[in-house]
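A.B. asks: Following this line is coords-v4.cif, made up of mmCIF, all heavy atoms:
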data_input
#
loop_
_atom_site.label_atom_id
_atom_site.label_comp_id
_atom_site.auth_asym_id
_atom_site.auth_seq_id
_atom_site.Cartn_x
_atom_site.Cartn_y
_atom_site.Cartn_z
N MET A 25 -40.69 -27.93 33.63
CA MET A 25 -41.68 -26.95 34.05
C MET A 25 -43.02 -27.26 33.40
O MET A 25 -43.08 -27.69 32.26
CB MET A 25 -41.22 -25.54 33.68
CG MET A 25 -40.12 -25.02 34.59
SD MET A 25 -39.76 -23.28 34.33
CE MET A 25 -38.43 -23.43 33.16
N ARG A 26 -44.07 -27.01 34.15
CA ARG A 26 -45.42 -27.34 33.69
C ARG A 26 -46.00 -26.25 32.80
O ARG A 26 -45.78 -25.07 33.03
CB ARG A 26 -46.32 -27.54 34.91
CG ARG A 26 -45.84 -28.65 35.82
CD ARG A 26 -46.66 -28.73 37.08
NE ARG A 26 -46.52 -27.50 37.86
CZ ARG A 26 -47.42 -27.06 38.73
NH1 ARG A 26 -48.51 -27.75 38.95
NH2 ARG A 26 -47.24 -25.94 39.38
N LYS A 27 -46.78 -26.67 31.81
CA LYS A 27 -47.49 -25.75 30.93
C LYS A 27 -48.90 -25.54 31.48
O LYS A 27 -49.45 -26.42 32.13
CB LYS A 27 -47.59 -26.33 29.51
CG LYS A 27 -46.27 -26.47 28.82
CD LYS A 27 -46.46 -27.05 27.43
CE LYS A 27 -45.13 -27.26 26.73
NZ LYS A 27 -45.31 -27.82 25.39
N PHE A 28 -49.45 -24.37 31.21
CA PHE A 28 -50.80 -24.04 31.64
C PHE A 28 -51.58 -23.51 30.44
O PHE A 28 -51.01 -22.83 29.59
CB PHE A 28 -50.78 -22.99 32.76
CG PHE A 28 -50.41 -23.56 34.10
CD1 PHE A 28 -49.09 -23.84 34.40
CD2 PHE A 28 -51.37 -23.84 35.04
CE1 PHE A 28 -48.73 -24.39 35.63
CE2 PHE A 28 -51.03 -24.37 36.28
CZ PHE A 28 -49.71 -24.66 36.57
N ALA A 29 -52.86 -23.84 30.38
CA ALA A 29 -53.71 -23.42 29.26
C ALA A 29 -54.87 -22.57 29.79
O ALA A 29 -55.41 -22.83 30.87
CB ALA A 29 -54.26 -24.62 28.51
N CYS A 30 -55.23 -21.57 29.00
CA CYS A 30 -56.37 -20.71 29.32
C CYS A 30 -57.65 -21.54 29.20
O CYS A 30 -57.89 -22.18 28.17
CB CYS A 30 -56.39 -19.52 28.37
SG CYS A 30 -57.82 -18.44 28.61
N ASP A 31 -58.47 -21.52 30.23
CA ASP A 31 -59.72 -22.28 30.23
C ASP A 31 -60.74 -21.70 29.23
O ASP A 31 -61.64 -22.41 28.80
CB ASP A 31 -60.35 -22.28 31.62
CG ASP A 31 -59.50 -23.02 32.65
OD1 ASP A 31 -58.73 -23.92 32.27
OD2 ASP A 31 -59.61 -22.69 33.84
N LEU A 32 -60.60 -20.43 28.88
CA LEU A 32 -61.59 -19.79 28.01
C LEU A 32 -61.27 -19.96 26.52
O LEU A 32 -62.16 -20.24 25.73
CB LEU A 32 -61.71 -18.31 28.35
CG LEU A 32 -62.14 -18.00 29.79
CD1 LEU A 32 -62.24 -16.49 30.00
CD2 LEU A 32 -63.47 -18.66 30.10
N CYS A 33 -60.00 -19.78 26.13
CA CYS A 33 -59.68 -19.83 24.70
C CYS A 33 -58.67 -20.90 24.31
O CYS A 33 -58.45 -21.15 23.14
CB CYS A 33 -59.19 -18.45 24.22
SG CYS A 33 -57.51 -18.04 24.76
N GLY A 34 -58.01 -21.51 25.31
CA GLY A 34 -57.08 -22.59 25.00
C GLY A 34 -55.64 -22.15 24.77
O GLY A 34 -54.77 -22.99 24.56
N TRP A 35 -55.34 -20.84 24.82
CA TRP A 35 -53.97 -20.38 24.65
C TRP A 35 -53.11 -21.04 25.72
O TRP A 35 -53.51 -21.19 26.87
CB TRP A 35 -53.89 -18.86 24.78
CG TRP A 35 -52.50 -18.32 24.61
CD1 TRP A 35 -51.86 -18.07 23.44
CD2 TRP A 35 -51.58 -17.98 25.65
NE1 TRP A 35 -50.60 -17.58 23.68
CE2 TRP A 35 -50.40 -17.52 25.05
CE3 TRP A 35 -51.64 -18.01 27.04
CZ2 TRP A 35 -49.29 -17.09 25.76
CZ3 TRP A 35 -50.53 -17.59 27.77
CH2 TRP A 35 -49.38 -17.14 27.12
N GLU A 36 -51.91 -21.47 25.35
CA GLU A 36 -51.06 -22.22 26.27
C GLU A 36 -49.83 -21.41 26.67
O GLU A 36 -49.15 -20.86 25.80
CB GLU A 36 -50.64 -23.53 25.62
CG GLU A 36 -49.96 -24.49 26.56
CD GLU A 36 -49.79 -25.86 25.95
OE1 GLU A 36 -50.75 -26.65 26.02
OE2 GLU A 36 -48.72 -26.12 25.38
N TYR A 37 -49.58 -21.34 27.97
CA TYR A 37 -48.36 -20.72 28.48
C TYR A 37 -47.32 -21.80 28.66
O TYR A 37 -47.51 -22.74 29.44
CB TYR A 37 -48.61 -20.00 29.82
CG TYR A 37 -47.31 -19.43 30.37
CD1 TYR A 37 -46.76 -18.29 29.80
CD2 TYR A 37 -46.63 -20.05 31.41
CE1 TYR A 37 -45.55 -17.78 30.27
CE2 TYR A 37 -45.44 -19.55 31.88
CZ TYR A 37 -44.90 -18.42 31.30
OH TYR A 37 -43.70 -17.92 31.76
N ASP A 38 -46.22 -21.67 27.93
CA ASP A 38 -45.09 -22.60 28.03
C ASP A 38 -43.95 -21.85 28.70
O ASP A 38 -43.41 -20.90 28.14
CB ASP A 38 -44.67 -23.05 26.63
CG ASP A 38 -43.53 -24.05 26.65
OD1 ASP A 38 -42.87 -24.22 27.71
OD2 ASP A 38 -43.27 -24.67 25.60
N PRO A 39 -43.59 -22.24 29.93
CA PRO A 39 -42.57 -21.50 30.66
C PRO A 39 -41.21 -21.49 29.96
O PRO A 39 -40.42 -20.58 30.16
CB PRO A 39 -42.49 -22.20 32.01
CG PRO A 39 -43.25 -23.45 31.88
CD PRO A 39 -44.14 -23.34 30.70
N GLN A 40 -40.93 -22.47 29.13
CA GLN A 40 -39.65 -22.48 28.41
C GLN A 40 -39.60 -21.38 27.36
O GLN A 40 -38.53 -20.91 27.01
CB GLN A 40 -39.40 -23.84 27.78
CG GLN A 40 -39.17 -24.92 28.81
CD GLN A 40 -38.81 -26.26 28.19
OE1 GLN A 40 -39.02 -26.49 27.00
NE2 GLN A 40 -38.27 -27.15 28.99
N VAL A 41 -40.76 -20.94 26.88
CA VAL A 41 -40.85 -19.88 25.87
C VAL A 41 -41.12 -18.54 26.53
O VAL A 41 -40.67 -17.50 26.06
CB VAL A 41 -41.97 -20.21 24.86
CG1 VAL A 41 -42.16 -19.08 23.86
CG2 VAL A 41 -41.68 -21.52 24.14
N GLY A 42 -41.87 -18.55 27.64
CA GLY A 42 -42.29 -17.31 28.28
C GLY A 42 -43.43 -16.69 27.48
O GLY A 42 -44.15 -17.37 26.76
N CYS A 43 -43.57 -15.39 27.58
CA CYS A 43 -44.59 -14.66 26.82
C CYS A 43 -43.97 -13.31 26.45
O CYS A 43 -44.22 -12.30 27.10
CB CYS A 43 -45.85 -14.49 27.66
SG CYS A 43 -47.23 -13.76 26.75
N PRO A 44 -43.13 -13.31 25.39
CA PRO A 44 -42.42 -12.09 25.03
C PRO A 44 -43.34 -10.89 24.81
O PRO A 44 -42.99 -9.76 25.19
CB PRO A 44 -41.69 -12.46 23.74
CG PRO A 44 -41.60 -13.95 23.74
CD PRO A 44 -42.80 -14.42 24.53
N GLU A 45 -44.53 -11.11 24.23
CA GLU A 45 -45.45 -10.00 23.99
C GLU A 45 -45.99 -9.40 25.28
O GLU A 45 -46.52 -8.29 25.28
CB GLU A 45 -46.60 -10.42 23.05
CG GLU A 45 -47.50 -11.50 23.60
CD GLU A 45 -47.09 -12.92 23.22
OE1 GLU A 45 -45.90 -13.20 23.04
OE2 GLU A 45 -47.99 -13.77 23.12
N CYS A 46 -45.84 -10.14 26.39
CA CYS A 46 -46.28 -9.64 27.70
C CYS A 46 -45.09 -9.22 28.57
O CYS A 46 -45.27 -8.87 29.73
CB CYS A 46 -47.06 -10.73 28.43
SG CYS A 46 -48.52 -11.30 27.58
N GLY A 47 -43.88 -9.33 28.02
CA GLY A 47 -42.68 -8.99 28.78
C GLY A 47 -42.23 -10.07 29.75
O GLY A 47 -41.47 -9.80 30.67
N ILE A 48 -42.70 -11.32 29.54
CA ILE A 48 -42.34 -12.43 30.41
C ILE A 48 -41.19 -13.20 29.77
O ILE A 48 -41.31 -13.70 28.65
CB ILE A 48 -43.54 -13.39 30.64
CG1 ILE A 48 -44.77 -12.62 31.12
CG2 ILE A 48 -43.16 -14.51 31.59
CD1 ILE A 48 -44.64 -11.97 32.46
N GLU A 49 -40.08 -13.28 30.48
CA GLU A 49 -38.87 -13.93 29.96
C GLU A 49 -39.01 -15.45 29.92
O GLU A 49 -39.70 -16.03 30.76
CB GLU A 49 -37.67 -13.58 30.86
CG GLU A 49 -37.30 -12.12 30.86
CD GLU A 49 -36.71 -11.66 29.54
OE1 GLU A 49 -35.95 -12.42 28.92
OE2 GLU A 49 -37.01 -10.54 29.11
N PRO A 50 -38.34 -16.09 28.95
CA PRO A 50 -38.28 -17.56 28.94
C PRO A 50 -37.71 -18.07 30.26
O PRO A 50 -36.84 -17.43 30.87
CB PRO A 50 -37.34 -17.88 27.78
CG PRO A 50 -37.43 -16.70 26.88
CD PRO A 50 -37.63 -15.52 27.80
N GLY A 51 -38.22 -19.21 30.70
CA GLY A 51 -37.77 -19.80 31.96
C GLY A 51 -38.57 -19.36 33.17
O GLY A 51 -38.27 -19.77 34.29
N THR A 52 -39.61 -18.54 32.97
CA THR A 52 -40.44 -18.06 34.09
C THR A 52 -41.58 -19.04 34.36
O THR A 52 -42.44 -19.23 33.51
CB THR A 52 -41.03 -16.67 33.77
OG1 THR A 52 -39.98 -15.77 33.45
CG2 THR A 52 -41.83 -16.14 34.95
N PRO A 53 -41.58 -19.72 35.51
CA PRO A 53 -42.67 -20.63 35.83
C PRO A 53 -44.00 -19.88 35.95
O PRO A 53 -44.03 -18.71 36.31
CB PRO A 53 -42.29 -21.22 37.19
CG PRO A 53 -40.86 -20.88 37.39
CD PRO A 53 -40.57 -19.67 36.57
N PHE A 54 -45.09 -20.57 35.65
CA PHE A 54 -46.42 -19.96 35.72
C PHE A 54 -46.67 -19.35 37.09
O PHE A 54 -47.25 -18.27 37.21
CB PHE A 54 -47.49 -21.01 35.39
CG PHE A 54 -48.88 -20.44 35.35
CD1 PHE A 54 -49.33 -19.77 34.23
CD2 PHE A 54 -49.73 -20.57 36.43
CE1 PHE A 54 -50.61 -19.22 34.19
CE2 PHE A 54 -51.02 -20.04 36.40
CZ PHE A 54 -51.45 -19.36 35.28
N GLU A 55 -46.24 -20.03 38.12
CA GLU A 55 -46.47 -19.57 39.49
C GLU A 55 -45.81 -18.22 39.77
O GLU A 55 -46.22 -17.50 40.67
CB GLU A 55 -45.98 -20.61 40.50
CG GLU A 55 -46.73 -21.93 40.47
CD GLU A 55 -46.29 -22.86 39.32
OE1 GLU A 55 -45.23 -22.63 38.69
OE2 GLU A 55 -47.03 -23.82 39.06
N GLN A 56 -44.79 -17.88 39.00
CA GLN A 56 -44.08 -16.62 39.21
C GLN A 56 -44.60 -15.48 38.32
O GLN A 56 -44.09 -14.36 38.39
CB GLN A 56 -42.58 -16.81 38.98
CG GLN A 56 -41.93 -17.65 40.04
CD GLN A 56 -40.43 -17.80 39.83
OE1 GLN A 56 -39.84 -17.18 38.95
NE2 GLN A 56 -39.82 -18.64 40.64
N LEU A 57 -45.61 -15.75 37.51
CA LEU A 57 -46.19 -14.68 36.71
C LEU A 57 -46.87 -13.69 37.65
O LEU A 57 -47.36 -14.06 38.71
CB LEU A 57 -47.23 -15.25 35.73
CG LEU A 57 -46.70 -16.18 34.64
CD1 LEU A 57 -47.85 -16.69 33.78
CD2 LEU A 57 -45.66 -15.48 33.78
N PRO A 58 -46.92 -12.41 37.26
CA PRO A 58 -47.60 -11.42 38.12
C PRO A 58 -49.06 -11.78 38.34
O PRO A 58 -49.68 -12.41 37.48
CB PRO A 58 -47.48 -10.12 37.32
CG PRO A 58 -46.58 -10.37 36.17
CD PRO A 58 -46.41 -11.84 36.02
N ASP A 59 -49.60 -11.39 39.47
CA ASP A 59 -51.00 -11.68 39.80
C ASP A 59 -51.95 -11.07 38.78
O ASP A 59 -53.06 -11.58 38.58
CB ASP A 59 -51.35 -11.18 41.20
CG ASP A 59 -50.68 -12.01 42.29
OD1 ASP A 59 -50.30 -13.18 42.01
OD2 ASP A 59 -50.53 -11.49 43.40
N ASP A 60 -51.53 -9.99 38.12
CA ASP A 60 -52.40 -9.34 37.14
C ASP A 60 -52.16 -9.83 35.71
O ASP A 60 -52.65 -9.23 34.75
CB ASP A 60 -52.27 -7.82 37.23
CG ASP A 60 -50.86 -7.33 36.89
OD1 ASP A 60 -49.93 -8.16 36.75
OD2 ASP A 60 -50.68 -6.10 36.79
N PHE A 61 -51.44 -10.95 35.56
CA PHE A 61 -51.20 -11.53 34.24
C PHE A 61 -52.53 -11.86 33.58
O PHE A 61 -53.45 -12.37 34.22
CB PHE A 61 -50.35 -12.80 34.34
CG PHE A 61 -50.15 -13.51 33.03
CD1 PHE A 61 -49.21 -13.07 32.12
CD2 PHE A 61 -50.92 -14.62 32.70
CE1 PHE A 61 -49.03 -13.72 30.91
CE2 PHE A 61 -50.75 -15.28 31.50
CZ PHE A 61 -49.81 -14.82 30.60
N GLU A 62 -52.63 -11.55 32.28
CA GLU A 62 -53.84 -11.88 31.51
C GLU A 62 -53.45 -12.62 30.25
O GLU A 62 -52.39 -12.38 29.68
CB GLU A 62 -54.58 -10.60 31.12
CG GLU A 62 -55.16 -9.85 32.28
CD GLU A 62 -55.91 -8.59 31.86
OE1 GLU A 62 -55.74 -8.16 30.70
OE2 GLU A 62 -56.65 -8.06 32.69
N CYS A 63 -54.33 -13.49 29.81
CA CYS A 63 -54.14 -14.22 28.56
C CYS A 63 -53.99 -13.19 27.43
O CYS A 63 -54.81 -12.29 27.29
CB CYS A 63 -55.36 -15.11 28.29
SG CYS A 63 -55.28 -15.95 26.68
N PRO A 64 -52.92 -13.32 26.62
CA PRO A 64 -52.73 -12.35 25.54
C PRO A 64 -53.76 -12.44 24.42
O PRO A 64 -53.90 -11.52 23.63
CB PRO A 64 -51.32 -12.66 25.03
CG PRO A 64 -51.05 -14.05 25.44
CD PRO A 64 -51.83 -14.28 26.69
N LEU A 65 -54.51 -13.53 24.36
CA LEU A 65 -55.53 -13.67 23.31
C LEU A 65 -56.91 -13.17 23.74
O LEU A 65 -57.57 -12.46 23.00
CB LEU A 65 -55.65 -15.13 22.86
CG LEU A 65 -54.49 -15.69 22.04
CD1 LEU A 65 -54.82 -17.11 21.58
CD2 LEU A 65 -54.18 -14.82 20.86
N CYS A 66 -57.34 -13.55 24.94
CA CYS A 66 -58.71 -13.22 25.34
C CYS A 66 -58.83 -12.35 26.58
O CYS A 66 -59.91 -11.93 26.92
CB CYS A 66 -59.54 -14.50 25.50
SG CYS A 66 -59.13 -15.45 26.99
N GLY A 67 -57.71 -12.11 27.26
CA GLY A 67 -57.74 -11.24 28.44
C GLY A 67 -58.17 -11.91 29.73
O GLY A 67 -58.37 -11.24 30.73
N ALA A 68 -58.30 -13.24 29.73
CA ALA A 68 -58.67 -13.96 30.96
C ALA A 68 -57.58 -13.80 32.00
O ALA A 68 -56.39 -13.76 31.68
CB ALA A 68 -58.90 -15.44 30.65
N GLY A 69 -57.97 -13.73 33.25
CA GLY A 69 -57.01 -13.58 34.35
C GLY A 69 -56.27 -14.87 34.64
O GLY A 69 -56.64 -15.96 34.19
N LYS A 70 -55.22 -14.74 35.42
CA LYS A 70 -54.36 -15.87 35.78
C LYS A 70 -55.15 -17.00 36.43
O LYS A 70 -54.83 -18.17 36.24
CB LYS A 70 -53.26 -15.36 36.72
CG LYS A 70 -52.20 -16.37 37.06
CD LYS A 70 -51.11 -15.74 37.92
CE LYS A 70 -50.10 -16.76 38.36
NZ LYS A 70 -49.08 -16.17 39.24
N GLY A 71 -56.22 -16.69 37.13
CA GLY A 71 -57.05 -17.69 37.79
C GLY A 71 -57.87 -18.53 36.82
O GLY A 71 -58.46 -19.52 37.22
N GLN A 72 -57.91 -18.13 35.56
CA GLN A 72 -58.67 -18.86 34.54
C GLN A 72 -57.78 -19.85 33.75
O GLN A 72 -58.14 -20.27 32.67
CB GLN A 72 -59.32 -17.88 33.57
CG GLN A 72 -60.35 -17.00 34.21
CD GLN A 72 -61.58 -17.79 34.64
OE1 GLN A 72 -62.04 -18.68 33.94
NE2 GLN A 72 -62.10 -17.48 35.81
N PHE A 73 -56.63 -20.20 34.31
CA PHE A 73 -55.72 -21.15 33.67
C PHE A 73 -55.68 -22.45 34.45
O PHE A 73 -55.80 -22.45 35.66
CB PHE A 73 -54.30 -20.56 33.61
CG PHE A 73 -54.08 -19.56 32.50
CD1 PHE A 73 -54.62 -18.30 32.57
CD2 PHE A 73 -53.33 -19.89 31.39
CE1 PHE A 73 -54.42 -17.38 31.56
CE2 PHE A 73 -53.12 -18.99 30.37
CZ PHE A 73 -53.66 -17.73 30.46
N SER A 74 -55.51 -23.55 33.72
CA SER A 74 -55.38 -24.87 34.33
C SER A 74 -54.14 -25.54 33.76
O SER A 74 -53.72 -25.26 32.63
CB SER A 74 -56.59 -25.75 34.00
OG SER A 74 -57.77 -25.18 34.50
N GLU A 75 -53.57 -26.45 34.54
CA GLU A 75 -52.39 -27.17 34.06
C GLU A 75 -52.74 -27.95 32.80
O GLU A 75 -53.78 -28.61 32.73
CB GLU A 75 -51.88 -28.11 35.15
CG GLU A 75 -50.54 -28.71 34.82
CD GLU A 75 -49.91 -29.45 35.98
OE1 GLU A 75 -50.44 -29.40 37.10
OE2 GLU A 75 -48.90 -30.12 35.74
N ALA A 76 -51.87 -27.83 31.79
CA ALA A 76 -52.11 -28.48 30.50
C ALA A 76 -51.54 -29.88 30.49
O ALA A 76 -50.64 -30.20 31.20
CB ALA A 76 -51.50 -27.66 29.38
#
Go ahead and render the structure in this file as structure tokens.
C.D. replies:
Amino acid sequence: MRKFACDLCGWEYDPQVGCPECGIEPGTPFEQLPDDFECPLCGAGKGQFSEA
């Protein structure tokens, strides 16, 4: 599974880890994140992420 990084702050979403602080389970691909997903560090929207 591909990792994605926030274009604004560099926080990286790793699908193997998920985002427990956001309620995202490990194994969730970036494409399956909710449309209203935001970077847990800076609040950037899902559209502000690029493949890492």
A.B. asks: Translate the PyMOL selection byres ((chain A and resi 68-74) around 4.5) into a concrete residue list for this structure, as a PyMOL selection string.
C.D. replies: chain A and resi 27-32+35+54-55+57-59+61-63+66-67+75-76
A.B. asks: Those same residues - all heavy atoms - I'd like them written as a compact mmCIF listing (two decimals), in the coordinates of the input.
C.D. replies:
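Saved file again-v6.txt follows:
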# COMPACT_ATOMS: atom_id res chain seq x y z
N LYS A 27 -46.78 -26.67 31.81
CA LYS A 27 -47.49 -25.75 30.93
C LYS A 27 -48.90 -25.54 31.48
O LYS A 27 -49.45 -26.42 32.13
CB LYS A 27 -47.59 -26.33 29.51
CG LYS A 27 -46.27 -26.47 28.82
CD LYS A 27 -46.46 -27.05 27.43
CE LYS A 27 -45.13 -27.26 26.73
NZ LYS A 27 -45.31 -27.82 25.39
N PHE A 28 -49.45 -24.37 31.21
CA PHE A 28 -50.80 -24.04 31.64
C PHE A 28 -51.58 -23.51 30.44
O PHE A 28 -51.01 -22.83 29.59
CB PHE A 28 -50.78 -22.99 32.76
CG PHE A 28 -50.41 -23.56 34.10
CD1 PHE A 28 -49.09 -23.84 34.40
CD2 PHE A 28 -51.37 -23.84 35.04
CE1 PHE A 28 -48.73 -24.39 35.63
CE2 PHE A 28 -51.03 -24.37 36.28
CZ PHE A 28 -49.71 -24.66 36.57
N ALA A 29 -52.86 -23.84 30.38
CA ALA A 29 -53.71 -23.42 29.26
C ALA A 29 -54.87 -22.57 29.79
O ALA A 29 -55.41 -22.83 30.87
CB ALA A 29 -54.26 -24.62 28.51
N CYS A 30 -55.23 -21.57 29.00
CA CYS A 30 -56.37 -20.71 29.32
C CYS A 30 -57.65 -21.54 29.20
O CYS A 30 -57.89 -22.18 28.17
CB CYS A 30 -56.39 -19.52 28.37
SG CYS A 30 -57.82 -18.44 28.61
N ASP A 31 -58.47 -21.52 30.23
CA ASP A 31 -59.72 -22.28 30.23
C ASP A 31 -60.74 -21.70 29.23
O ASP A 31 -61.64 -22.41 28.80
CB ASP A 31 -60.35 -22.28 31.62
CG ASP A 31 -59.50 -23.02 32.65
OD1 ASP A 31 -58.73 -23.92 32.27
OD2 ASP A 31 -59.61 -22.69 33.84
N LEU A 32 -60.60 -20.43 28.88
CA LEU A 32 -61.59 -19.79 28.01
C LEU A 32 -61.27 -19.96 26.52
O LEU A 32 -62.16 -20.24 25.73
CB LEU A 32 -61.71 -18.31 28.35
CG LEU A 32 -62.14 -18.00 29.79
CD1 LEU A 32 -62.24 -16.49 30.00
CD2 LEU A 32 -63.47 -18.66 30.10
N TRP A 35 -55.34 -20.84 24.82
CA TRP A 35 -53.97 -20.38 24.65
C TRP A 35 -53.11 -21.04 25.72
O TRP A 35 -53.51 -21.19 26.87
CB TRP A 35 -53.89 -18.86 24.78
CG TRP A 35 -52.50 -18.32 24.61
CD1 TRP A 35 -51.86 -18.07 23.44
CD2 TRP A 35 -51.58 -17.98 25.65
NE1 TRP A 35 -50.60 -17.58 23.68
CE2 TRP A 35 -50.40 -17.52 25.05
CE3 TRP A 35 -51.64 -18.01 27.04
CZ2 TRP A 35 -49.29 -17.09 25.76
CZ3 TRP A 35 -50.53 -17.59 27.77
CH2 TRP A 35 -49.38 -17.14 27.12
N PHE A 54 -45.09 -20.57 35.65
CA PHE A 54 -46.42 -19.96 35.72
C PHE A 54 -46.67 -19.35 37.09
O PHE A 54 -47.25 -18.27 37.21
CB PHE A 54 -47.49 -21.01 35.39
CG PHE A 54 -48.88 -20.44 35.35
CD1 PHE A 54 -49.33 -19.77 34.23
CD2 PHE A 54 -49.73 -20.57 36.43
CE1 PHE A 54 -50.61 -19.22 34.19
CE2 PHE A 54 -51.02 -20.04 36.40
CZ PHE A 54 -51.45 -19.36 35.28
N GLU A 55 -46.24 -20.03 38.12
CA GLU A 55 -46.47 -19.57 39.49
C GLU A 55 -45.81 -18.22 39.77
O GLU A 55 -46.22 -17.50 40.67
CB GLU A 55 -45.98 -20.61 40.50
CG GLU A 55 -46.73 -21.93 40.47
CD GLU A 55 -46.29 -22.86 39.32
OE1 GLU A 55 -45.23 -22.63 38.69
OE2 GLU A 55 -47.03 -23.82 39.06
N LEU A 57 -45.61 -15.75 37.51
CA LEU A 57 -46.19 -14.68 36.71
C LEU A 57 -46.87 -13.69 37.65
O LEU A 57 -47.36 -14.06 38.71
CB LEU A 57 -47.23 -15.25 35.73
CG LEU A 57 -46.70 -16.18 34.64
CD1 LEU A 57 -47.85 -16.69 33.78
CD2 LEU A 57 -45.66 -15.48 33.78
N PRO A 58 -46.92 -12.41 37.26
CA PRO A 58 -47.60 -11.42 38.12
C PRO A 58 -49.06 -11.78 38.34
O PRO A 58 -49.68 -12.41 37.48
CB PRO A 58 -47.48 -10.12 37.32
CG PRO A 58 -46.58 -10.37 36.17
CD PRO A 58 -46.41 -11.84 36.02
N ASP A 59 -49.60 -11.39 39.47
CA ASP A 59 -51.00 -11.68 39.80
C ASP A 59 -51.95 -11.07 38.78
O ASP A 59 -53.06 -11.58 38.58
CB ASP A 59 -51.35 -11.18 41.20
CG ASP A 59 -50.68 -12.01 42.29
OD1 ASP A 59 -50.30 -13.18 42.01
OD2 ASP A 59 -50.53 -11.49 43.40
N PHE A 61 -51.44 -10.95 35.56
CA PHE A 61 -51.20 -11.53 34.24
C PHE A 61 -52.53 -11.86 33.58
O PHE A 61 -53.45 -12.37 34.22
CB PHE A 61 -50.35 -12.80 34.34
CG PHE A 61 -50.15 -13.51 33.03
CD1 PHE A 61 -49.21 -13.07 32.12
CD2 PHE A 61 -50.92 -14.62 32.70
CE1 PHE A 61 -49.03 -13.72 30.91
CE2 PHE A 61 -50.75 -15.28 31.50
CZ PHE A 61 -49.81 -14.82 30.60
N GLU A 62 -52.63 -11.55 32.28
CA GLU A 62 -53.84 -11.88 31.51
C GLU A 62 -53.45 -12.62 30.25
O GLU A 62 -52.39 -12.38 29.68
CB GLU A 62 -54.58 -10.60 31.12
CG GLU A 62 -55.16 -9.85 32.28
CD GLU A 62 -55.91 -8.59 31.86
OE1 GLU A 62 -55.74 -8.16 30.70
OE2 GLU A 62 -56.65 -8.06 32.69
N CYS A 63 -54.33 -13.49 29.81
CA CYS A 63 -54.14 -14.22 28.56
C CYS A 63 -53.99 -13.19 27.43
O CYS A 63 -54.81 -12.29 27.29
CB CYS A 63 -55.36 -15.11 28.29
SG CYS A 63 -55.28 -15.95 26.68
N CYS A 66 -57.34 -13.55 24.94
CA CYS A 66 -58.71 -13.22 25.34
C CYS A 66 -58.83 -12.35 26.58
O CYS A 66 -59.91 -11.93 26.92
CB CYS A 66 -59.54 -14.50 25.50
SG CYS A 66 -59.13 -15.45 26.99
N GLY A 67 -57.71 -12.11 27.26
CA GLY A 67 -57.74 -11.24 28.44
C GLY A 67 -58.17 -11.91 29.73
O GLY A 67 -58.37 -11.24 30.73
N GLU A 75 -53.57 -26.45 34.54
CA GLU A 75 -52.39 -27.17 34.06
C GLU A 75 -52.74 -27.95 32.80
O GLU A 75 -53.78 -28.61 32.73
CB GLU A 75 -51.88 -28.11 35.15
CG GLU A 75 -50.54 -28.71 34.82
CD GLU A 75 -49.91 -29.45 35.98
OE1 GLU A 75 -50.44 -29.40 37.10
OE2 GLU A 75 -48.90 -30.12 35.74
N ALA A 76 -51.87 -27.83 31.79
CA ALA A 76 -52.11 -28.48 30.50
C ALA A 76 -51.54 -29.88 30.49
O ALA A 76 -50.64 -30.20 31.20
CB ALA A 76 -51.50 -27.66 29.38
A.B. asks: Rounded to one decimal, what separation in Å do you get between CA of Cys33 (chain A) and CA of Leu65 (chain A)?
C.D. replies: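 CA of Leu65 (chain A) lies at a distance of 7.6 Å from CA of Cys33 (chain A).
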A.B. asks: Quick one, how far is CA of Val41 (chain A) from CA of Gln56 (chain A)?
C.D. replies: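 We find that CA of Val41 (chain A) and CA of Gln56 (chain A) lie 14.1 Å from each other.
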A.B. asks: Considering only strand (DSSP E or B) as DSSP defines it on the backbone, what residues of chain A qualify? List them as a list of chain:residue names.
C.D. replies: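 After running DSSP on the backbone, chain A has strand (DSSP E or B) at A:Phe28, A:Ala29, A:Cys30, A:Glu36, A:Tyr37, A:Cys43, A:Ile48, A:Glu62, A:Gly69, A:Phe73, A:Ser74, A:Glu75.
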A.B. asks: Interatomic distance between CA of Gly42 (chain A) and CB of Arg26 (chain A)?
C.D. replies: 12.8 Å
A.B. asks: Box along x, y and z, 4 Å on every side, all listed atoms of region 69-76 of chain A inside: centre and edge lengths in Å to one decimal, as AutoDock Vina command-line options.
C.D. replies:
--center_x -55.5 --center_y -21.9 --center_z 34.3 --size_x 21.2 --size_y 24.6 --size_z 17.9
